[in-house]
Amino acid sequence: MTEGLLRAGEAVMAQVEALEAVKARVEADLLAAYGALHTIQVQQVEALPRGGSAVRMARLVSPERVVAEEVALATGVGVGEVSRRLTVATAPRRHRRILHALRCGATSLHRAVQVACETALLSDADVAVVEEAVLAPSRDGRVVGQRTFTARLRRAMASVDARGSVERRAHARARRGVFGRVVEDGMGCLTLTADAACIAAVLDRLDTRARALRGTGDPRTLDQLRCDLATEALLR
């Protein structure tokens, strides 16, 4: 019976893999449609009369934004996600390797968009190097897991853009800060943006203290304890 279940599971898993490949090819066609729609929108803007209010309108109209909003309205996909997909769809030559892999069912739309967004500041030549690195098959020839894929992407980007990554890190650090907003039911949300090492250390300390309190019989959940401990520390 166990052997039969194993064979059944393997058969279903093979079906899942085949369907994912089919989905990837459809998603490649979807990106091509996004690109075609963007081209039409650009042509529409360029066709506007070049005088007075029309010129001002042309300057204000972003083809990317118009396409993103139209697709979002027609499909229910979020405007942000459509915009990220357009990053790939509007640069087919720059991302030809990842798009080819998508058409072949060798990667996913999510990964194609991830690569395009992460490499937005790199040159076309560097993008080619990064895409070759992340698309390399694993030792057993199977598609790599998401964690491995992301690690490959980070390593490849660091290898082609060591100086740029230092500059981006410095720019990102300059934008550190604390932001708060009021949410529903009399609650609020606090966001602290700082060095990754500092955030990790803070979370580690909060988790350690929360677990210690739970161990003494504190009835609050770990999330509640971490929140209360952080709030008390900041107020003091």
# chains A, B, ... in the order shown; residues from 1 in each chain; ligands from 1
>>> select_by_dssp(residues="chain A", states="alpha helix (DSSP H)", output="VMD selection string")
chain A and resid 2 to 46 53 to 60 63 to 75 79 to 89 96 to 103 109 to 118 124 to 135 146 to 160 162 to 174 196 to 215 222 to 235
>>> residues_around(residues="segment 114-120 of chain A", least_positions_apart="6", cutoff="9 Å", atoms="only C-alpha atoms", output="list in words")
Arg84, Arg85, Thr87, Val88, His95, Ile98, Asp126, Val127, Val130, Glu131, Val134, Thr150, Leu153, Arg154 and Met157 of chain A
>>> write_last_selection(atoms="C-alpha atoms", output="PDB file, in the first residue's frame")
ATOM      1  CA  ARG A  84       6.695  45.121 -11.642  1.00  0.00           C
ATOM      2  CA  ARG A  85       5.742  42.848 -14.522  1.00  0.00           C
ATOM      3  CA  THR A  87       9.697  46.061 -15.840  1.00  0.00           C
ATOM      4  CA  VAL A  88      10.289  42.811 -17.722  1.00  0.00           C
ATOM      5  CA  HIS A  95      15.869  40.446 -20.198  1.00  0.00           C
ATOM      6  CA  ILE A  98      15.018  35.188 -18.398  1.00  0.00           C
ATOM      7  CA  ASP A 126      25.680  42.983 -15.997  1.00  0.00           C
ATOM      8  CA  VAL A 127      22.042  41.900 -16.221  1.00  0.00           C
ATOM      9  CA  VAL A 130      23.246  37.832 -13.441  1.00  0.00           C
ATOM     10  CA  GLU A 131      20.549  36.055 -15.443  1.00  0.00           C
ATOM     11  CA  VAL A 134      20.494  32.445 -11.602  1.00  0.00           C
ATOM     12  CA  THR A 150      17.495  34.283  -4.163  1.00  0.00           C
ATOM     13  CA  LEU A 153      20.745  36.378  -7.313  1.00  0.00           C
ATOM     14  CA  ARG A 154      22.348  38.216  -4.389  1.00  0.00           C
ATOM     15  CA  MET A 157      24.624  40.993  -8.224  1.00  0.00           C
TER      16      MET A 157
END
>>> residues_around(residues="Arg103 of chain A", least_positions_apart="6", cutoff="8 Å", atoms="only C-alpha atoms", output="list in words")
Ala24, Arg25, Val26, Glu27, Ala28 and Asp29 of chain A
>>> closest_residue(among="A:Leu86, A:His171, A:Leu121, A:Leu135", to="Ala101 of chain A", atoms="only C-alpha atoms")
A:Leu135
>>> atom_distance(atom1="atom CA of Arg155 of chain A", atom2="atom CA of Gly177 of chain A")
27.5 Å
>>> closest_residue(among="A:His38, A:Arg205, A:Arg211, A:Arg96", to="Val71 of chain A", atoms="only C-alpha atoms")
A:His38
>>> select_by_dssp(residues="segment 110-215 of chain A", states="strand (DSSP E or B)", output="VMD selection string")
chain A and resid 177 to 182 188 to 193
>>> closest_residue(among="A:Glu70, A:Asp195, A:Glu167, A:Glu17", to="Ser108 of chain A", atoms="only C-alpha atoms")
A:Glu17
>>> closest_residue(among="A:Gln146, A:Gln43, A:Thr2, A:Ser123", to="Arg111 of chain A", atoms="only C-alpha atoms")
A:Gln146
>>> atom_distance(atom1="atom CA of Gln15 of chain A", atom2="atom CA of Gly105 of chain A")
13.6 Å
>>> residues_around(residues="Val66 of chain A", least_positions_apart="2", cutoff="12 Å", atoms="only C-alpha atoms", output="PDB file with all heavy atoms, in the first residue's frame")
ATOM      1  N   TYR A  34       1.505  42.502 -22.361  1.00  0.00           N
ATOM      2  CA  TYR A  34       1.782  43.719 -21.592  1.00  0.00           C
ATOM      3  C   TYR A  34       2.643  44.668 -22.416  1.00  0.00           C
ATOM      4  O   TYR A  34       2.392  45.873 -22.485  1.00  0.00           O
ATOM      5  CB  TYR A  34       2.532  43.378 -20.306  1.00  0.00           C
ATOM      6  CG  TYR A  34       1.697  42.947 -19.131  1.00  0.00           C
ATOM      7  CD1 TYR A  34       0.505  42.256 -19.296  1.00  0.00           C
ATOM      8  CD2 TYR A  34       2.115  43.203 -17.830  1.00  0.00           C
ATOM      9  CE1 TYR A  34      -0.246  41.846 -18.205  1.00  0.00           C
ATOM     10  CE2 TYR A  34       1.382  42.801 -16.725  1.00  0.00           C
ATOM     11  CZ  TYR A  34       0.199  42.116 -16.924  1.00  0.00           C
ATOM     12  OH  TYR A  34      -0.533  41.719 -15.849  1.00  0.00           O
ATOM     13  N   LEU A  37       0.729  46.263 -25.273  1.00  0.00           N
ATOM     14  CA  LEU A  37      -0.174  47.297 -24.772  1.00  0.00           C
ATOM     15  C   LEU A  37       0.600  48.565 -24.419  1.00  0.00           C
ATOM     16  O   LEU A  37       0.147  49.690 -24.690  1.00  0.00           O
ATOM     17  CB  LEU A  37      -0.926  46.772 -23.545  1.00  0.00           C
ATOM     18  CG  LEU A  37      -2.077  47.632 -23.015  1.00  0.00           C
ATOM     19  CD1 LEU A  37      -3.142  47.827 -24.091  1.00  0.00           C
ATOM     20  CD2 LEU A  37      -2.689  46.988 -21.777  1.00  0.00           C
ATOM     21  N   HIS A  38       1.778  48.396 -23.851  1.00  0.00           N
ATOM     22  CA  HIS A  38       2.620  49.550 -23.504  1.00  0.00           C
ATOM     23  C   HIS A  38       3.052  50.292 -24.763  1.00  0.00           C
ATOM     24  O   HIS A  38       3.052  51.531 -24.806  1.00  0.00           O
ATOM     25  CB  HIS A  38       3.841  49.067 -22.721  1.00  0.00           C
ATOM     26  CG  HIS A  38       4.784  50.167 -22.340  1.00  0.00           C
ATOM     27  ND1 HIS A  38       5.867  50.520 -23.138  1.00  0.00           N
ATOM     28  CD2 HIS A  38       4.810  51.019 -21.275  1.00  0.00           C
ATOM     29  CE1 HIS A  38       6.513  51.521 -22.571  1.00  0.00           C
ATOM     30  NE2 HIS A  38       5.894  51.844 -21.449  1.00  0.00           N
ATOM     31  N   THR A  39       3.430  49.545 -25.803  1.00  0.00           N
ATOM     32  CA  THR A  39       3.843  50.170 -27.059  1.00  0.00           C
ATOM     33  C   THR A  39       2.715  50.990 -27.660  1.00  0.00           C
ATOM     34  O   THR A  39       2.923  52.116 -28.144  1.00  0.00           O
ATOM     35  CB  THR A  39       4.295  49.099 -28.067  1.00  0.00           C
ATOM     36  OG1 THR A  39       5.423  48.389 -27.531  1.00  0.00           O
ATOM     37  CG2 THR A  39       4.690  49.728 -29.393  1.00  0.00           C
ATOM     38  N   ILE A  40       1.495  50.441 -27.614  1.00  0.00           N
ATOM     39  CA  ILE A  40       0.336  51.158 -28.145  1.00  0.00           C
ATOM     40  C   ILE A  40       0.104  52.443 -27.356  1.00  0.00           C
ATOM     41  O   ILE A  40      -0.173  53.502 -27.922  1.00  0.00           O
ATOM     42  CB  ILE A  40      -0.916  50.259 -28.090  1.00  0.00           C
ATOM     43  CG1 ILE A  40      -0.765  49.100 -29.088  1.00  0.00           C
ATOM     44  CG2 ILE A  40      -2.180  51.062 -28.381  1.00  0.00           C
ATOM     45  CD1 ILE A  40      -1.838  48.046 -28.966  1.00  0.00           C
ATOM     46  N   GLN A  41       0.235  52.357 -26.044  1.00  0.00           N
ATOM     47  CA  GLN A  41       0.022  53.544 -25.210  1.00  0.00           C
ATOM     48  C   GLN A  41       1.070  54.617 -25.507  1.00  0.00           C
ATOM     49  O   GLN A  41       0.755  55.807 -25.564  1.00  0.00           O
ATOM     50  CB  GLN A  41       0.061  53.156 -23.734  1.00  0.00           C
ATOM     51  CG  GLN A  41      -0.188  54.300 -22.774  1.00  0.00           C
ATOM     52  CD  GLN A  41      -1.546  54.956 -22.977  1.00  0.00           C
ATOM     53  OE1 GLN A  41      -2.526  54.263 -23.221  1.00  0.00           O
ATOM     54  NE2 GLN A  41      -1.600  56.269 -22.893  1.00  0.00           N
ATOM     55  N   VAL A  42       2.318  54.210 -25.683  1.00  0.00           N
ATOM     56  CA  VAL A  42       3.382  55.165 -26.027  1.00  0.00           C
ATOM     57  C   VAL A  42       3.058  55.851 -27.344  1.00  0.00           C
ATOM     58  O   VAL A  42       3.204  57.078 -27.489  1.00  0.00           O
ATOM     59  CB  VAL A  42       4.745  54.447 -26.116  1.00  0.00           C
ATOM     60  CG1 VAL A  42       5.797  55.380 -26.709  1.00  0.00           C
ATOM     61  CG2 VAL A  42       5.190  53.981 -24.738  1.00  0.00           C
ATOM     62  N   GLN A  44       0.132  56.297 -28.647  1.00  0.00           N
ATOM     63  CA  GLN A  44      -1.002  57.194 -28.460  1.00  0.00           C
ATOM     64  C   GLN A  44      -0.558  58.540 -27.886  1.00  0.00           C
ATOM     65  O   GLN A  44      -1.042  59.596 -28.299  1.00  0.00           O
ATOM     66  CB  GLN A  44      -2.040  56.548 -27.547  1.00  0.00           C
ATOM     67  CG  GLN A  44      -2.814  55.414 -28.204  1.00  0.00           C
ATOM     68  CD  GLN A  44      -3.792  54.747 -27.254  1.00  0.00           C
ATOM     69  OE1 GLN A  44      -3.629  54.822 -26.033  1.00  0.00           O
ATOM     70  NE2 GLN A  44      -4.813  54.100 -27.806  1.00  0.00           N
ATOM     71  N   VAL A  45       0.352  58.476 -26.918  1.00  0.00           N
ATOM     72  CA  VAL A  45       0.864  59.712 -26.329  1.00  0.00           C
ATOM     73  C   VAL A  45       1.633  60.523 -27.362  1.00  0.00           C
ATOM     74  O   VAL A  45       1.482  61.745 -27.462  1.00  0.00           O
ATOM     75  CB  VAL A  45       1.767  59.397 -25.118  1.00  0.00           C
ATOM     76  CG1 VAL A  45       2.464  60.661 -24.621  1.00  0.00           C
ATOM     77  CG2 VAL A  45       0.954  58.774 -23.992  1.00  0.00           C
ATOM     78  N   ALA A  58       0.727  65.355 -22.301  1.00  0.00           N
ATOM     79  CA  ALA A  58       1.694  64.332 -22.688  1.00  0.00           C
ATOM     80  C   ALA A  58       2.800  64.200 -21.652  1.00  0.00           C
ATOM     81  O   ALA A  58       3.298  63.110 -21.392  1.00  0.00           O
ATOM     82  CB  ALA A  58       2.290  64.660 -24.058  1.00  0.00           C
ATOM     83  N   LEU A  60       2.436  64.772 -18.486  1.00  0.00           N
ATOM     84  CA  LEU A  60       1.885  64.216 -17.253  1.00  0.00           C
ATOM     85  C   LEU A  60       1.514  62.740 -17.389  1.00  0.00           C
ATOM     86  O   LEU A  60       1.475  62.019 -16.402  1.00  0.00           O
ATOM     87  CB  LEU A  60       0.641  65.024 -16.839  1.00  0.00           C
ATOM     88  CG  LEU A  60       0.892  66.470 -16.407  1.00  0.00           C
ATOM     89  CD1 LEU A  60      -0.433  67.180 -16.192  1.00  0.00           C
ATOM     90  CD2 LEU A  60       1.726  66.508 -15.132  1.00  0.00           C
ATOM     91  N   VAL A  61       1.212  62.302 -18.609  1.00  0.00           N
ATOM     92  CA  VAL A  61       0.764  60.924 -18.815  1.00  0.00           C
ATOM     93  C   VAL A  61       1.959  59.989 -18.868  1.00  0.00           C
ATOM     94  O   VAL A  61       2.858  60.157 -19.691  1.00  0.00           O
ATOM     95  CB  VAL A  61      -0.048  60.815 -20.123  1.00  0.00           C
ATOM     96  CG1 VAL A  61      -0.347  59.352 -20.421  1.00  0.00           C
ATOM     97  CG2 VAL A  61      -1.343  61.586 -20.005  1.00  0.00           C
ATOM     98  N   SER A  62       1.976  59.012 -17.986  1.00  0.00           N
ATOM     99  CA  SER A  62       3.014  57.986 -18.004  1.00  0.00           C
ATOM    100  C   SER A  62       2.422  56.722 -18.622  1.00  0.00           C
ATOM    101  O   SER A  62       1.469  56.160 -18.070  1.00  0.00           O
ATOM    102  CB  SER A  62       3.487  57.698 -16.582  1.00  0.00           C
ATOM    103  OG  SER A  62       4.193  56.474 -16.533  1.00  0.00           O
ATOM    104  N   PRO A  63       2.958  56.271 -19.755  1.00  0.00           N
ATOM    105  CA  PRO A  63       2.425  55.048 -20.369  1.00  0.00           C
ATOM    106  C   PRO A  63       2.428  53.866 -19.413  1.00  0.00           C
ATOM    107  O   PRO A  63       1.491  53.058 -19.398  1.00  0.00           O
ATOM    108  CB  PRO A  63       3.376  54.816 -21.554  1.00  0.00           C
ATOM    109  CG  PRO A  63       3.873  56.181 -21.898  1.00  0.00           C
ATOM    110  CD  PRO A  63       4.006  56.888 -20.583  1.00  0.00           C
ATOM    111  N   GLU A  64       3.490  53.762 -18.603  1.00  0.00           N
ATOM    112  CA  GLU A  64       3.567  52.649 -17.652  1.00  0.00           C
ATOM    113  C   GLU A  64       2.411  52.703 -16.653  1.00  0.00           C
ATOM    114  O   GLU A  64       1.788  51.676 -16.361  1.00  0.00           O
ATOM    115  CB  GLU A  64       4.903  52.694 -16.897  1.00  0.00           C
ATOM    116  CG  GLU A  64       6.116  52.361 -17.727  1.00  0.00           C
ATOM    117  CD  GLU A  64       6.556  53.525 -18.608  1.00  0.00           C
ATOM    118  OE1 GLU A  64       6.067  54.666 -18.389  1.00  0.00           O
ATOM    119  OE2 GLU A  64       7.375  53.292 -19.517  1.00  0.00           O
ATOM    120  N   ALA A  68      -0.586  50.018 -16.351  1.00  0.00           N
ATOM    121  CA  ALA A  68      -0.722  49.324 -15.073  1.00  0.00           C
ATOM    122  C   ALA A  68      -2.140  49.446 -14.531  1.00  0.00           C
ATOM    123  O   ALA A  68      -2.736  48.467 -14.066  1.00  0.00           O
ATOM    124  CB  ALA A  68       0.288  49.866 -14.062  1.00  0.00           C
ATOM    125  N   GLU A  69      -2.693  50.648 -14.607  1.00  0.00           N
ATOM    126  CA  GLU A  69      -4.042  50.865 -14.080  1.00  0.00           C
ATOM    127  C   GLU A  69      -5.097  50.175 -14.940  1.00  0.00           C
ATOM    128  O   GLU A  69      -6.080  49.632 -14.423  1.00  0.00           O
ATOM    129  CB  GLU A  69      -4.317  52.364 -13.973  1.00  0.00           C
ATOM    130  CG  GLU A  69      -3.473  53.037 -12.890  1.00  0.00           C
ATOM    131  CD  GLU A  69      -3.754  54.519 -12.755  1.00  0.00           C
ATOM    132  OE1 GLU A  69      -4.468  55.061 -13.626  1.00  0.00           O
ATOM    133  OE2 GLU A  69      -3.255  55.136 -11.787  1.00  0.00           O
ATOM    134  N   GLU A  70      -4.910  50.180 -16.259  1.00  0.00           N
ATOM    135  CA  GLU A  70      -5.875  49.526 -17.140  1.00  0.00           C
ATOM    136  C   GLU A  70      -5.873  48.012 -16.931  1.00  0.00           C
ATOM    137  O   GLU A  70      -6.933  47.383 -16.846  1.00  0.00           O
ATOM    138  CB  GLU A  70      -5.551  49.852 -18.606  1.00  0.00           C
ATOM    139  CG  GLU A  70      -5.897  51.274 -19.017  1.00  0.00           C
ATOM    140  CD  GLU A  70      -5.650  51.528 -20.482  1.00  0.00           C
ATOM    141  OE1 GLU A  70      -5.037  50.660 -21.146  1.00  0.00           O
ATOM    142  OE2 GLU A  70      -6.063  52.588 -20.981  1.00  0.00           O
ATOM    143  N   VAL A  71      -4.681  47.430 -16.844  1.00  0.00           N
ATOM    144  CA  VAL A  71      -4.582  45.986 -16.645  1.00  0.00           C
ATOM    145  C   VAL A  71      -5.134  45.604 -15.275  1.00  0.00           C
ATOM    146  O   VAL A  71      -5.845  44.604 -15.125  1.00  0.00           O
ATOM    147  CB  VAL A  71      -3.125  45.509 -16.789  1.00  0.00           C
ATOM    148  CG1 VAL A  71      -2.993  44.037 -16.387  1.00  0.00           C
ATOM    149  CG2 VAL A  71      -2.645  45.699 -18.224  1.00  0.00           C
ATOM    150  N   ALA A  72      -4.805  46.406 -14.272  1.00  0.00           N
ATOM    151  CA  ALA A  72      -5.305  46.131 -12.923  1.00  0.00           C
ATOM    152  C   ALA A  72      -6.829  46.179 -12.887  1.00  0.00           C
ATOM    153  O   ALA A  72      -7.478  45.329 -12.267  1.00  0.00           O
ATOM    154  CB  ALA A  72      -4.722  47.139 -11.933  1.00  0.00           C
ATOM    155  N   LEU A  73      -7.408  47.169 -13.573  1.00  0.00           N
ATOM    156  CA  LEU A  73      -8.856  47.298 -13.602  1.00  0.00           C
ATOM    157  C   LEU A  73      -9.502  46.127 -14.336  1.00  0.00           C
ATOM    158  O   LEU A  73     -10.557  45.625 -13.930  1.00  0.00           O
ATOM    159  CB  LEU A  73      -9.242  48.618 -14.286  1.00  0.00           C
ATOM    160  CG  LEU A  73     -10.736  48.958 -14.342  1.00  0.00           C
ATOM    161  CD1 LEU A  73     -11.294  49.114 -12.928  1.00  0.00           C
ATOM    162  CD2 LEU A  73     -10.961  50.227 -15.148  1.00  0.00           C
ATOM    163  N   VAL A  79      -2.051  47.042  -8.977  1.00  0.00           N
ATOM    164  CA  VAL A  79      -1.290  47.973  -9.821  1.00  0.00           C
ATOM    165  C   VAL A  79       0.209  47.802  -9.600  1.00  0.00           C
ATOM    166  O   VAL A  79       0.995  47.838 -10.556  1.00  0.00           O
ATOM    167  CB  VAL A  79      -1.701  49.431  -9.525  1.00  0.00           C
ATOM    168  CG1 VAL A  79      -0.800  50.406 -10.272  1.00  0.00           C
ATOM    169  CG2 VAL A  79      -3.155  49.664  -9.918  1.00  0.00           C
ATOM    170  N   VAL A  82       1.400  44.682 -11.435  1.00  0.00           N
ATOM    171  CA  VAL A  82       1.418  44.927 -12.881  1.00  0.00           C
ATOM    172  C   VAL A  82       2.631  45.787 -13.247  1.00  0.00           C
ATOM    173  O   VAL A  82       3.313  45.523 -14.247  1.00  0.00           O
ATOM    174  CB  VAL A  82       0.123  45.613 -13.347  1.00  0.00           C
ATOM    175  CG1 VAL A  82       0.205  45.950 -14.843  1.00  0.00           C
ATOM    176  CG2 VAL A  82      -1.081  44.718 -13.088  1.00  0.00           C
ATOM    177  N   SER A  83       2.918  46.795 -12.440  1.00  0.00           N
ATOM    178  CA  SER A  83       4.074  47.662 -12.701  1.00  0.00           C
ATOM    179  C   SER A  83       5.372  46.869 -12.665  1.00  0.00           C
ATOM    180  O   SER A  83       6.268  47.089 -13.489  1.00  0.00           O
ATOM    181  CB  SER A  83       4.121  48.792 -11.671  1.00  0.00           C
ATOM    182  OG  SER A  83       2.987  49.625 -11.779  1.00  0.00           O
ATOM    183  N   LEU A  86       5.702  44.913 -15.793  1.00  0.00           N
ATOM    184  CA  LEU A  86       6.059  45.773 -16.919  1.00  0.00           C
ATOM    185  C   LEU A  86       7.562  46.022 -16.994  1.00  0.00           C
ATOM    186  O   LEU A  86       8.100  46.301 -18.059  1.00  0.00           O
ATOM    187  CB  LEU A  86       5.318  47.115 -16.802  1.00  0.00           C
ATOM    188  CG  LEU A  86       3.860  47.112 -17.266  1.00  0.00           C
ATOM    189  CD1 LEU A  86       3.173  48.407 -16.866  1.00  0.00           C
ATOM    190  CD2 LEU A  86       3.777  46.912 -18.779  1.00  0.00           C
TER     191      LEU A  86
END
>>> closest_residue(among="A:Cys227, A:Ala11, A:Val77, A:Ala36", to="Cys189 of chain A", atoms="only C-alpha atoms")
A:Cys227
>>> closest_residue(among="A:Arg220, A:Ala91, A:Thr107, A:Ala233", to="Gly145 of chain A", atoms="only C-alpha atoms")
A:Thr107
>>> atom_distance(atom1="atom CA of Ala212 of chain A", atom2="atom CA of Asp228 of chain A")
13.9 Å
>>> residues_around(residues="Arg176 of chain A", least_positions_apart="5", cutoff="8 Å", atoms="only C-alpha atoms", output="list in words")
Leu192, Thr193, Ala194 and Asp195 of chain A
>>> decode(residues="segment 19-51 of chain A", atoms="C-alpha atoms", output="short mmCIF file (atom, residue, chain, number, x, y, z; two decimals), in the first residue's frame")
data_model
loop_
_atom_site.label_atom_id
_atom_site.label_comp_id
_atom_site.auth_asym_id
_atom_site.auth_seq_id
_atom_site.Cartn_x
_atom_site.Cartn_y
_atom_site.Cartn_z
CA LEU A 19 1.37 22.29 -15.37
CA GLU A 20 3.84 24.80 -13.93
CA ALA A 21 5.80 24.63 -17.19
CA VAL A 22 2.62 25.23 -19.19
CA LYS A 23 1.73 28.14 -16.90
CA ALA A 24 5.18 29.67 -17.42
CA ARG A 25 4.74 29.59 -21.20
CA VAL A 26 1.34 31.26 -20.87
CA GLU A 27 2.88 33.89 -18.59
CA ALA A 28 5.53 34.59 -21.24
CA ASP A 29 2.68 35.32 -23.66
CA LEU A 30 1.09 37.49 -20.97
CA LEU A 31 4.25 39.60 -20.66
CA ALA A 32 4.37 39.95 -24.45
CA ALA A 33 0.79 41.26 -24.33
CA TYR A 34 1.78 43.72 -21.59
CA GLY A 35 4.62 44.92 -23.80
CA ALA A 36 2.34 45.32 -26.82
CA LEU A 37 -0.17 47.30 -24.77
CA HIS A 38 2.62 49.55 -23.50
CA THR A 39 3.84 50.17 -27.06
CA ILE A 40 0.34 51.16 -28.14
CA GLN A 41 0.02 53.54 -25.21
CA VAL A 42 3.38 55.16 -26.03
CA GLN A 43 2.26 55.65 -29.63
CA GLN A 44 -1.00 57.19 -28.46
CA VAL A 45 0.86 59.71 -26.33
CA GLU A 46 3.23 60.53 -29.19
CA ALA A 47 0.24 61.05 -31.52
CA LEU A 48 -1.21 63.82 -29.33
CA PRO A 49 -1.15 67.29 -30.96
CA ARG A 50 2.00 69.16 -29.97
CA GLY A 51 0.42 72.35 -28.77
#
